[in-house]
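Asker: You'll find structure22.csv just under this line, and it carries CSV, C-alpha atoms.
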```csv
chain,number,residue,atom,x,y,z
B,1,MET,CA,1.9,17.7,-11.2
B,2,THR,CA,4.6,20.1,-10.0
B,3,THR,CA,6.4,20.3,-6.7
B,4,THR,CA,6.2,23.7,-5.0
B,5,PRO,CA,9.7,24.5,-4.0
B,6,THR,CA,10.6,26.9,-1.2
B,7,PRO,CA,14.0,28.2,-2.0
B,8,THR,CA,16.1,29.0,1.0
B,9,GLN,CA,19.0,31.2,2.0
B,10,ALA,CA,21.1,29.2,-0.4
B,11,THR,CA,19.7,31.3,-3.2
B,12,ARG,CA,21.8,34.2,-2.0
B,13,ARG,CA,24.7,32.4,-3.5
B,14,GLY,CA,23.2,33.1,-6.9
B,15,ARG,CA,21.7,29.7,-7.7
B,16,PRO,CA,18.4,28.1,-6.7
B,17,GLY,CA,18.9,25.8,-3.7
B,18,TYR,CA,17.4,24.1,-0.7
B,19,ASP,CA,18.5,23.0,2.6
B,20,ARG,CA,19.3,19.2,2.8
B,21,GLN,CA,16.0,18.3,4.5
B,22,THR,CA,13.9,20.2,1.9
B,23,LEU,CA,15.8,18.6,-0.9
B,24,VAL,CA,15.2,15.1,0.5
B,25,ASP,CA,11.5,15.8,0.9
B,26,LEU,CA,11.1,17.0,-2.6
B,27,CYS,CA,13.1,14.1,-4.1
B,28,VAL,CA,10.9,11.7,-2.1
B,29,LYS,CA,7.8,13.1,-3.8
B,30,VAL,CA,9.4,12.4,-7.2
B,31,PHE,CA,10.3,8.9,-6.1
B,32,ASN,CA,6.7,8.3,-5.1
B,33,ARG,CA,5.4,9.6,-8.3
B,34,HIS,CA,7.6,7.6,-10.7
B,35,GLY,CA,9.0,4.8,-8.5
B,36,TYR,CA,12.5,5.0,-6.9
B,37,GLU,CA,14.2,2.8,-9.5
B,38,ALA,CA,12.8,4.8,-12.5
B,39,THR,CA,14.0,8.1,-11.0
B,40,SER,CA,17.5,9.3,-12.1
B,41,MET,CA,19.5,12.2,-10.6
B,42,GLY,CA,18.9,14.0,-13.8
B,43,MET,CA,15.1,13.6,-13.4
B,44,LEU,CA,15.3,14.9,-9.9
B,45,ALA,CA,17.2,18.0,-11.0
B,46,THR,CA,14.7,18.7,-13.8
B,47,GLU,CA,11.6,18.2,-11.5
B,48,LEU,CA,13.1,20.3,-8.8
B,49,GLY,CA,14.2,23.0,-11.3
B,50,ILE,CA,17.8,23.0,-10.0
B,51,SER,CA,21.1,21.7,-11.3
B,52,LYS,CA,22.5,18.2,-10.6
B,53,SER,CA,25.5,19.8,-8.9
B,54,ALA,CA,23.0,21.6,-6.5
B,55,ILE,CA,21.8,18.1,-5.5
B,56,TYR,CA,25.3,16.7,-5.2
B,57,HIS,CA,26.1,19.7,-2.9
B,58,HIS,CA,24.0,17.8,-0.3
B,59,VAL,CA,24.1,14.1,-1.2
B,60,LYS,CA,26.6,11.8,-3.0
B,61,THR,CA,24.1,9.3,-4.4
B,62,LYS,CA,20.4,8.7,-5.0
B,63,GLU,CA,20.6,6.0,-2.5
B,64,GLU,CA,21.7,8.5,0.2
B,65,ILE,CA,18.4,10.3,-0.4
B,66,LEU,CA,16.5,7.0,-0.1
B,67,GLN,CA,18.4,6.2,3.2
B,68,SER,CA,17.6,9.6,4.7
B,69,ALA,CA,13.9,9.3,3.9
B,70,LEU,CA,13.7,5.8,5.2
B,71,ASP,CA,15.4,6.8,8.4
B,72,ASP,CA,13.0,9.6,8.7
B,73,ALA,CA,10.0,7.3,8.5
B,74,LEU,CA,11.5,4.4,10.6
B,75,ASP,CA,13.0,6.6,13.3
B,76,GLY,CA,9.5,8.2,13.8
B,77,LEU,CA,7.7,4.8,13.9
B,78,GLU,CA,10.3,3.3,16.2
B,79,ALA,CA,10.1,6.3,18.6
B,80,VAL,CA,6.3,6.0,19.0
B,81,THR,CA,6.6,2.2,19.4
B,82,GLU,CA,9.1,2.7,22.2
B,83,GLN,CA,6.9,5.3,23.8
B,84,ALA,CA,3.9,3.1,23.5
B,85,GLU,CA,5.7,0.2,25.1
B,86,HIS,CA,6.6,2.4,28.1
B,87,THR,CA,3.0,3.7,28.5
B,88,ALA,CA,1.8,3.0,32.0
B,89,GLY,CA,-1.2,0.6,32.4
B,90,PRO,CA,-2.5,-2.4,30.6
B,91,ALA,CA,-1.3,-3.7,27.2
B,92,ARG,CA,-4.6,-2.4,25.7
B,93,ASP,CA,-3.6,1.2,26.5
B,94,LYS,CA,-0.1,0.6,24.9
B,95,ILE,CA,-1.8,-0.6,21.7
B,96,GLU,CA,-4.0,2.5,21.7
B,97,ALA,CA,-0.9,4.7,22.2
B,98,LEU,CA,0.9,3.0,19.4
B,99,ILE,CA,-1.9,3.5,16.9
B,100,LYS,CA,-2.3,7.1,17.8
B,101,GLY,CA,1.5,7.6,17.6
B,102,ALA,CA,1.7,5.8,14.3
B,103,VAL,CA,-1.1,8.0,12.8
B,104,LYS,CA,0.8,11.1,13.8
B,105,VAL,CA,4.0,9.9,12.1
B,106,LEU,CA,2.1,8.9,9.0
B,107,VAL,CA,0.3,12.3,8.8
B,108,ASN,CA,3.5,14.3,9.5
B,109,ARG,CA,5.9,12.2,7.4
B,110,GLN,CA,3.4,11.0,4.8
B,111,HIS,CA,5.8,11.0,1.8
B,112,SER,CA,8.7,9.2,3.5
B,113,VAL,CA,6.3,6.6,4.9
B,114,THR,CA,4.8,6.1,1.5
B,115,LEU,CA,8.3,5.4,0.1
B,116,LEU,CA,8.9,2.9,2.9
B,117,LEU,CA,5.7,1.1,2.2
B,118,ARG,CA,6.5,0.6,-1.5
B,119,LEU,CA,10.0,-0.9,-1.0
B,120,ARG,CA,10.6,-4.3,-2.4
B,121,GLY,CA,14.1,-5.0,-1.0
B,122,ASN,CA,16.1,-4.6,-4.2
B,123,SER,CA,19.3,-3.4,-2.4
B,124,GLU,CA,20.9,-3.6,1.0
B,125,VAL,CA,19.5,-0.3,2.1
B,126,GLU,CA,16.0,-1.5,1.2
B,127,THR,CA,16.4,-4.9,2.8
B,128,LYS,CA,17.6,-3.3,6.1
B,129,ALA,CA,14.6,-0.9,6.1
B,130,LEU,CA,12.2,-3.9,5.5
B,131,LEU,CA,13.8,-5.7,8.4
B,132,ARG,CA,13.2,-2.6,10.6
B,133,ARG,CA,9.6,-2.4,9.4
B,134,ARG,CA,9.1,-6.1,10.1
B,135,ASP,CA,10.4,-5.6,13.6
B,136,LEU,CA,7.8,-2.9,14.2
B,137,THR,CA,5.0,-5.4,13.3
B,138,THR,CA,6.5,-7.9,15.6
B,139,ARG,CA,6.5,-5.4,18.5
B,140,LEU,CA,2.9,-4.6,17.9
B,141,ALA,CA,2.1,-8.4,17.8
B,142,SER,CA,3.8,-8.7,21.1
B,143,LEU,CA,1.6,-6.0,22.7
B,144,ILE,CA,-1.4,-7.8,21.2
B,145,ALA,CA,-0.3,-11.1,22.8
B,146,ASP,CA,0.0,-9.3,26.1
B,147,ALA,CA,-3.5,-7.8,25.7
B,148,GLN,CA,-5.0,-11.2,24.8
B,149,ALA,CA,-3.3,-12.6,28.0
B,150,GLU,CA,-4.8,-9.9,30.1
B,151,GLY,CA,-8.2,-10.5,28.5
B,152,SER,CA,-8.6,-7.1,26.9
B,153,VAL,CA,-8.3,-8.2,23.3
B,154,ARG,CA,-10.3,-11.1,21.8
B,155,GLU,CA,-8.3,-14.3,21.1
B,156,THR,CA,-10.2,-15.1,17.8
B,157,THR,CA,-7.2,-14.2,15.7
B,158,SER,CA,-3.4,-14.6,16.1
B,159,PRO,CA,-1.4,-11.6,17.3
B,160,LYS,CA,0.7,-11.7,14.1
B,161,VAL,CA,-2.3,-11.5,11.8
B,162,LEU,CA,-4.0,-8.8,13.9
B,163,ALA,CA,-0.8,-6.8,13.9
B,164,ARG,CA,-0.5,-6.9,10.1
B,165,LEU,CA,-4.2,-6.0,9.7
B,166,ILE,CA,-3.9,-3.1,12.1
B,167,TYR,CA,-0.9,-1.8,10.4
B,168,GLY,CA,-2.7,-2.2,7.1
B,169,THR,CA,-5.6,-0.1,8.3
B,170,VAL,CA,-3.2,2.6,9.7
B,171,ASN,CA,-0.9,2.5,6.7
B,172,SER,CA,-3.8,3.1,4.3
B,173,LEU,CA,-3.6,6.7,5.5
B,174,VAL,CA,-0.7,7.4,3.2
B,175,ASP,CA,-2.9,6.7,0.2
B,176,TRP,CA,-5.8,8.9,1.0
B,177,TYR,CA,-5.0,11.3,3.9
B,178,SER,CA,-5.0,14.9,2.8
B,179,PRO,CA,-3.5,17.6,5.1
B,180,GLU,CA,-6.0,20.1,3.6
B,181,LYS,CA,-9.2,18.0,3.5
B,182,SER,CA,-8.9,15.4,6.2
B,183,ALA,CA,-9.3,15.8,9.9
B,184,GLY,CA,-6.2,16.5,12.0
B,185,ALA,CA,-3.8,13.9,13.2
B,186,GLU,CA,-5.3,13.7,16.6
B,187,GLN,CA,-8.9,13.3,15.5
B,188,THR,CA,-7.8,10.8,12.8
B,189,GLY,CA,-6.0,8.8,15.5
B,190,ASP,CA,-9.2,8.7,17.5
B,191,VAL,CA,-11.2,7.4,14.5
B,192,LEU,CA,-8.6,4.7,13.9
B,193,VAL,CA,-8.6,3.6,17.5
B,194,ASP,CA,-12.4,3.5,17.6
B,195,LEU,CA,-12.6,1.4,14.4
B,196,ILE,CA,-9.8,-1.0,15.4
B,197,PHE,CA,-11.1,-1.6,18.9
B,198,GLN,CA,-14.9,-1.5,18.4
B,199,GLY,CA,-15.4,-2.3,14.8
B,200,ILE,CA,-18.2,-0.8,12.7
B,201,GLU,CA,-21.1,-2.8,14.0
B,202,GLN,CA,-23.9,-1.1,16.0
B,203,ASP,CA,-24.4,-3.3,19.0
I,1,MET,CA,14.4,-13.4,-6.7
I,2,THR,CA,13.5,-15.3,-9.8
I,3,THR,CA,10.3,-16.0,-11.5
I,4,THR,CA,9.4,-19.6,-12.0
I,5,PRO,CA,8.2,-19.9,-15.6
I,6,THR,CA,6.0,-22.7,-16.8
I,7,PRO,CA,6.7,-22.9,-20.5
I,8,THR,CA,3.6,-24.0,-22.5
I,9,GLN,CA,2.8,-25.7,-25.8
I,10,ALA,CA,4.3,-22.7,-27.6
I,11,THR,CA,7.7,-24.3,-26.9
I,12,ARG,CA,7.0,-26.9,-29.5
I,13,ARG,CA,7.7,-24.2,-32.0
I,14,GLY,CA,11.3,-24.4,-31.0
I,15,ARG,CA,11.5,-21.3,-28.7
I,16,PRO,CA,10.5,-20.8,-25.1
I,17,GLY,CA,7.1,-19.2,-24.8
I,18,TYR,CA,4.1,-18.7,-22.7
I,19,ASP,CA,0.4,-18.2,-23.4
I,20,ARG,CA,-0.7,-14.6,-23.2
I,21,GLN,CA,-2.1,-14.8,-19.7
I,22,THR,CA,1.0,-16.5,-18.2
I,23,LEU,CA,3.2,-13.9,-19.9
I,24,VAL,CA,1.1,-11.0,-18.4
I,25,ASP,CA,1.3,-12.6,-15.0
I,26,LEU,CA,5.0,-13.0,-15.1
I,27,CYS,CA,5.5,-9.4,-16.3
I,28,VAL,CA,3.4,-8.1,-13.5
I,29,LYS,CA,5.7,-9.7,-11.0
I,30,VAL,CA,8.6,-7.9,-12.6
I,31,PHE,CA,6.7,-4.6,-12.6
I,32,ASN,CA,5.9,-5.1,-8.9
I,33,ARG,CA,9.6,-5.8,-8.1
I,34,HIS,CA,11.2,-2.9,-9.9
I,35,GLY,CA,8.3,-0.5,-10.5
I,36,TYR,CA,6.3,-0.2,-13.7
I,37,GLU,CA,8.2,2.8,-15.1
I,38,ALA,CA,11.6,1.3,-14.4
I,39,THR,CA,10.8,-1.9,-16.2
I,40,SER,CA,11.7,-2.0,-20.0
I,41,MET,CA,10.7,-4.6,-22.5
I,42,GLY,CA,14.3,-5.7,-22.5
I,43,MET,CA,14.2,-6.2,-18.7
I,44,LEU,CA,11.0,-8.2,-19.1
I,45,ALA,CA,12.6,-10.5,-21.7
I,46,THR,CA,15.8,-11.0,-19.6
I,47,GLU,CA,13.8,-11.8,-16.4
I,48,LEU,CA,11.5,-14.1,-18.2
I,49,GLY,CA,14.3,-15.8,-20.1
I,50,ILE,CA,12.7,-15.3,-23.5
I,51,SER,CA,13.4,-13.0,-26.4
I,52,LYS,CA,11.7,-9.6,-26.8
I,53,SER,CA,10.0,-10.9,-30.0
I,54,ALA,CA,8.4,-13.7,-28.0
I,55,ILE,CA,6.8,-10.9,-25.9
I,56,TYR,CA,5.8,-8.9,-28.9
I,57,HIS,CA,4.2,-12.1,-30.2
I,58,HIS,CA,1.5,-11.4,-27.6
I,59,VAL,CA,1.5,-7.7,-26.9
I,60,LYS,CA,2.4,-4.5,-28.8
I,61,THR,CA,3.5,-2.4,-25.9
I,62,LYS,CA,4.4,-2.5,-22.2
I,63,GLU,CA,1.3,-0.4,-21.6
I,64,GLU,CA,-0.8,-3.2,-23.1
I,65,ILE,CA,0.5,-5.6,-20.4
I,66,LEU,CA,-0.3,-3.0,-17.7
I,67,GLN,CA,-3.8,-2.6,-19.2
I,68,SER,CA,-4.4,-6.3,-19.1
I,69,ALA,CA,-3.3,-6.6,-15.5
I,70,LEU,CA,-5.3,-3.7,-14.3
I,71,ASP,CA,-8.4,-5.0,-16.1
I,72,ASP,CA,-7.8,-8.4,-14.4
I,73,ALA,CA,-7.8,-6.7,-11.0
I,74,LEU,CA,-10.6,-4.2,-11.5
I,75,ASP,CA,-12.9,-6.6,-13.4
I,76,GLY,CA,-12.6,-9.0,-10.4
I,77,LEU,CA,-13.3,-6.3,-7.8
I,78,GLU,CA,-16.2,-4.8,-9.8
I,79,ALA,CA,-17.8,-8.2,-10.2
I,80,VAL,CA,-17.8,-8.9,-6.4
I,81,THR,CA,-19.0,-5.4,-5.7
I,82,GLU,CA,-21.9,-6.0,-8.2
I,83,GLN,CA,-22.7,-9.3,-6.5
I,84,ALA,CA,-22.6,-7.8,-3.0
I,85,GLU,CA,-24.9,-5.0,-4.1
I,86,HIS,CA,-27.4,-7.7,-5.2
I,87,THR,CA,-27.1,-9.8,-2.1
I,88,ALA,CA,-30.5,-10.2,-0.5
I,89,GLY,CA,-31.1,-8.8,3.0
I,90,PRO,CA,-29.9,-5.7,4.9
I,91,ALA,CA,-27.0,-3.5,3.8
I,92,ARG,CA,-24.9,-5.0,6.6
I,93,ASP,CA,-24.9,-8.3,4.8
I,94,LYS,CA,-24.0,-6.7,1.5
I,95,ILE,CA,-20.9,-5.1,3.2
I,96,GLU,CA,-20.0,-8.5,4.6
I,97,ALA,CA,-20.3,-10.1,1.1
I,98,LEU,CA,-18.3,-7.3,-0.4
I,99,ILE,CA,-15.4,-7.8,2.1
I,100,LYS,CA,-15.4,-11.6,1.6
I,101,GLY,CA,-15.5,-11.2,-2.2
I,102,ALA,CA,-12.7,-8.6,-2.2
I,103,VAL,CA,-10.5,-10.9,-0.1
I,104,LYS,CA,-11.0,-13.7,-2.7
I,105,VAL,CA,-10.0,-11.4,-5.5
I,106,LEU,CA,-6.9,-10.2,-3.6
I,107,VAL,CA,-5.9,-13.7,-2.8
I,108,ASN,CA,-6.4,-15.0,-6.3
I,109,ARG,CA,-5.1,-12.0,-8.2
I,110,GLN,CA,-2.6,-10.8,-5.7
I,111,HIS,CA,0.0,-9.5,-8.2
I,112,SER,CA,-2.3,-7.6,-10.4
I,113,VAL,CA,-4.1,-6.0,-7.4
I,114,THR,CA,-0.6,-5.1,-6.0
I,115,LEU,CA,0.2,-3.3,-9.3
I,116,LEU,CA,-3.2,-1.5,-9.2
I,117,LEU,CA,-2.6,-0.3,-5.7
I,118,ARG,CA,0.8,1.2,-6.5
I,119,LEU,CA,-0.4,3.3,-9.5
I,120,ARG,CA,0.2,7.0,-9.4
I,121,GLY,CA,-1.8,8.1,-12.5
I,122,ASN,CA,1.1,8.9,-14.8
I,123,SER,CA,-0.7,8.0,-18.0
I,124,GLU,CA,-4.2,7.8,-19.3
I,125,VAL,CA,-4.4,4.1,-18.7
I,126,GLU,CA,-3.4,4.7,-15.0
I,127,THR,CA,-5.7,7.6,-14.6
I,128,LYS,CA,-8.7,5.6,-15.9
I,129,ALA,CA,-7.8,2.7,-13.5
I,130,LEU,CA,-7.6,5.0,-10.6
I,131,LEU,CA,-11.0,6.4,-11.4
I,132,ARG,CA,-12.4,2.8,-11.5
I,133,ARG,CA,-10.7,2.1,-8.2
I,134,ARG,CA,-12.2,5.3,-6.7
I,135,ASP,CA,-15.7,4.2,-7.9
I,136,LEU,CA,-15.3,1.0,-5.9
I,137,THR,CA,-14.6,2.9,-2.7
I,138,THR,CA,-17.7,5.1,-3.4
I,139,ARG,CA,-19.9,2.1,-3.9
I,140,LEU,CA,-18.7,0.6,-0.6
I,141,ALA,CA,-19.3,4.0,1.1
I,142,SER,CA,-22.8,3.9,-0.3
I,143,LEU,CA,-23.5,0.5,1.3
I,144,ILE,CA,-22.1,1.8,4.6
I,145,ALA,CA,-24.5,4.9,4.4
I,146,ASP,CA,-27.4,2.4,3.9
I,147,ALA,CA,-26.2,0.3,6.8
I,148,GLN,CA,-26.0,3.4,9.0
I,149,ALA,CA,-29.5,4.4,8.0
I,150,GLU,CA,-30.8,0.9,8.9
I,151,GLY,CA,-29.0,1.1,12.2
I,152,SER,CA,-26.6,-1.8,11.7
I,153,VAL,CA,-23.4,0.2,11.4
I,154,ARG,CA,-22.4,2.9,14.0
I,155,GLU,CA,-22.6,6.5,12.8
I,156,THR,CA,-19.4,7.7,14.6
I,157,THR,CA,-17.5,8.0,11.3
I,158,SER,CA,-18.5,9.1,7.8
I,159,PRO,CA,-19.2,6.4,5.2
I,160,LYS,CA,-16.4,7.7,3.0
I,161,VAL,CA,-13.7,7.5,5.7
I,162,LEU,CA,-14.9,4.1,6.8
I,163,ALA,CA,-14.9,2.8,3.2
I,164,ARG,CA,-11.3,3.9,2.8
I,165,LEU,CA,-10.2,2.4,6.1
I,166,ILE,CA,-12.0,-0.9,5.3
I,167,TYR,CA,-10.3,-1.1,1.9
I,168,GLY,CA,-7.1,-0.2,3.6
I,169,THR,CA,-7.4,-3.2,5.9
I,170,VAL,CA,-8.4,-5.5,3.1
I,171,ASN,CA,-5.8,-4.2,0.6
I,172,SER,CA,-3.0,-4.8,3.2
I,173,LEU,CA,-3.4,-8.5,2.2
I,174,VAL,CA,-1.4,-7.9,-1.0
I,175,ASP,CA,1.7,-7.0,1.2
I,176,TRP,CA,1.7,-10.0,3.5
I,177,TYR,CA,-0.7,-12.7,2.3
I,178,SER,CA,1.2,-15.9,1.4
I,179,PRO,CA,-0.6,-18.6,-0.6
I,180,GLU,CA,1.7,-21.2,1.1
I,181,LYS,CA,1.7,-19.9,4.7
I,182,SER,CA,-1.5,-18.0,5.2
I,183,ALA,CA,-5.0,-19.4,5.8
I,184,GLY,CA,-7.2,-19.9,2.7
I,185,ALA,CA,-9.2,-17.2,1.1
I,186,GLU,CA,-12.5,-18.2,2.8
I,187,GLN,CA,-11.0,-18.3,6.4
I,188,THR,CA,-9.1,-15.0,5.7
I,189,GLY,CA,-12.3,-13.4,4.6
I,190,ASP,CA,-14.0,-14.5,7.9
I,191,VAL,CA,-11.1,-13.0,9.9
I,192,LEU,CA,-11.4,-9.7,8.1
I,193,VAL,CA,-15.2,-9.5,8.5
I,194,ASP,CA,-14.8,-10.3,12.2
I,195,LEU,CA,-12.2,-7.7,12.7
I,196,ILE,CA,-13.9,-5.0,10.7
I,197,PHE,CA,-17.4,-5.6,12.3
I,198,GLN,CA,-16.4,-6.4,15.9
I,199,GLY,CA,-13.0,-4.8,16.4
I,200,ILE,CA,-10.3,-6.4,18.6
I,201,GLU,CA,-11.7,-5.5,22.0
I,202,GLN,CA,-12.9,-8.2,24.4
I,203,ASP,CA,-16.3,-6.9,25.6
```
Kindly return the structure encoded in the file as structure tokens.

Answerer:
Amino acid sequence: MTTTPTPTQATRRGRPGYDRQTLVDLCVKVFNRHGYEATSMGMLATELGISKSAIYHHVKTKEEILQSALDDALDGLEAVTEQAEHTAGPARDKIEALIKGAVKVLVNRQHSVTLLLRLRGNSEVETKALLRRRDLTTRLASLIADAQAEGSVRETTSPKVLARLIYGTVNSLVDWYSPEKSAGAEQTGDVLVDLIFQGIEQD
Amino acid sequence: MTTTPTPTQATRRGRPGYDRQTLVDLCVKVFNRHGYEATSMGMLATELGISKSAIYHHVKTKEEILQSALDDALDGLEAVTEQAEHTAGPARDKIEALIKGAVKVLVNRQHSVTLLLRLRGNSEVETKALLRRRDLTTRLASLIADAQAEGSVRETTSPKVLARLIYGTVNSLVDWYSPEKSAGAEQTGDVLVDLIFQGIEQD
């Protein structure tokens, strides 16, 4: 499997190069393929077909790339959670907005979310990201509790367990969503909302 | 984070040791914490508090441990799929049996299933495991197609996408299920079946 680099204007300086964002994106794909810990700066340089100094031109450490990617994923998920919480109407509609928003983030930032979901908390950067991720689940659980109180969501299961299962369903997208073969983000969001709210059973 | 080893009879030979299954289980936890590729035999020995030769007493290579763990996960999932397919009654009931069976495997073999779910196909062993995993999804999709034909499952979404989403919901267990804090396998299976069939919405 090879990455498909898109060299940028930096090449005019006589060496292959990328802008910082492209560099981070390509490194994240390598992390996801071999695991973050197993990936060295040397491997990144080899896989990207550039020199290590071309990488150090943008970032000081491997962890700085990790931090950038995790921020990318978490900033996106936090933004849609914030938007959902401020959606007008019943809590039910806020949950729907959150699911659709999260699907968009997963589709548009598939690789950085994949990296986030595989973290085990082996460093301070990872631990902080896991705390931010846990907070997102808590905020969804809070909306579910509101919806149960307003009578729009069934009370058979606790908000916390439902929030984890809903995120499980949504997060599975990173493993199988294909920008080329799957439906677009909007239609995929509709499918997820339909499944999560109505279930698969024919009434 | 430390593993909590339970030395076995092998210790009577004057060196700490485990039976093969215990050894594999402990190694899988280390793989899951650091990533399979990043974990060396030396790291395994250090984390388990035994010598490398004590590991080589049971296995020839790191890949042999991976293969054992993947077989453990996949054999379990294939067995419950087989059982579900032979469950009497409509396809709807077979799907329910499959979900409950898969939950039991995930709860009882949480670490080996976690390892399976993080594979990227970087070797022949991994590629073969991914093919077996894909086959499980195809078999669930086939039951869903049958259930749609019999009118018990709604036809709004394709069997393939539904199978992936259902496995996504079930697989999320490996990330948050706690043998100490969560409900037992049977009750968890009931929650999953209820959510997947009925959805969260209060009618």

Asker: Using all atoms listed in the file, can you tell me which of I:Asp72, I:Glu37, I:Asp190, I:Glu63 comes closest to chain B?

Answerer: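 Going through I:Asp72, I:Glu37, I:Asp190, I:Glu63 one by one, the smallest distance to chain B is for I:Glu37.
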
Asker: Identify, on the basis of all atoms listed in the file, every residue whose closest approach to Leu70 of chain B does not exceed 7 Å; exclude the query and any residue fewer than 3 positions from it along the same chain; express the result as a count of residues only.

Answerer: 7

Asker: Could you tell me which residues of chain B sit within 6 Å of chain I when counting all atoms listed in the file, and give me the result as a PyMOL selection string?

Answerer: chain B and resi 33+35+37-38+120+152-154+165+168-169+172+196-202

Asker: How many Å lie between atom CA of Ala185 of chain B and atom CA of Ala84 of chain B, rounded to one decimal?

Answerer: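 That distance, rounded to one decimal, is 16.8 Å.
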
Asker: Give me the residues within 9 Å of Val105 of chain B as an mmCIF file with C-alpha atoms, keeping the file's coordinate frame, counting only C-alpha atoms and dropping any in the same chain fewer than 5 places off.

Answerer:
```cif
data_model
loop_
_atom_site.group_PDB
_atom_site.id
_atom_site.type_symbol
_atom_site.label_atom_id
_atom_site.label_comp_id
_atom_site.auth_asym_id
_atom_site.auth_seq_id
_atom_site.Cartn_x
_atom_site.Cartn_y
_atom_site.Cartn_z
ATOM 1 C CA ALA B 73 10.000 7.300 8.500
ATOM 2 C CA GLY B 76 9.500 8.200 13.800
ATOM 3 C CA LEU B 77 7.700 4.800 13.900
ATOM 4 C CA VAL B 80 6.300 6.000 19.000
ATOM 5 C CA LYS B 100 -2.300 7.100 17.800
ATOM 6 C CA GLN B 110 3.400 11.000 4.800
ATOM 7 C CA VAL B 113 6.300 6.600 4.900
ATOM 8 C CA ALA B 185 -3.800 13.900 13.200
#
```

Asker: Counting only C-alpha atoms, what is within 9 Å of Leu23 of chain I, bar same-chain residues fewer than 6 positions away, as a list in words?

Answerer: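 So, after excluding close chain neighbours, the residues are Pro5, Gly17, Leu48, Ile55, His58 and Ile65 of chain I.
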
Asker: What is the distance between atom CA of Thr137 of chain B and atom CA of Ala163 of chain B, in Å to one decimal?

Answerer: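 Atom CA of Thr137 of chain B sits 6.0 Å away from atom CA of Ala163 of chain B.
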
Asker: With distances taken over only C-alpha atoms, which of B:Gly101, B:Pro159, B:Gly42, B:Pro179 is nearest to Asp146 of chain B?

Answerer: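 Looking at the shortest contact to Asp146 of chain B, the residue is B:Pro159.
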
Asker: With distances taken over all atoms listed in the file, which residue among B:Asp19, B:Gly184, B:Ala69, B:Leu143 lies nearest His86 of chain B?

Answerer: B:Leu143

Asker: From the set I:Asp25, I:Glu47, I:Glu150, I:Glu186, which residue has the shortest atom-to-atom contact distance to Ala91 of chain I, counting all atoms listed in the file?

Answerer: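 The closest residue to Ala91 of chain I is I:Glu150.
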
Asker: Please indicate the distance in Å from atom CA of Arg134 of chain B to atom CA of Leu26 of chain I, rounded to one decimal place.

Answerer: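 Separation between atom CA of Arg134 of chain B and atom CA of Leu26 of chain I: 26.4 Å.
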
Asker: Measuring atom to atom with all atoms listed in the file, identify which of B:Val107, B:Ile50, B:Leu98, B:Ala88 is nearest to Gln187 of chain B.

Answerer: B:Val107

Asker: Can you pull out the residues contacting Ala45 of chain B? Cut-off 12 Å, using all atoms listed in the file, and skip same-chain residues under 4 positions away; I want them as a ChimeraX atom specification.

Answerer: /B:3,16-18,23,26-27,30,39-41,49-56,62

Asker: Given all atoms listed in the file as the basis, pick out the residue of I:Thr46, I:Thr114, I:Asn108, I:Thr81 nearest to Glu96 of chain I.

Answerer: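 Looking only at the distances to Glu96 of chain I, the closest residue turns out to be I:Thr81.
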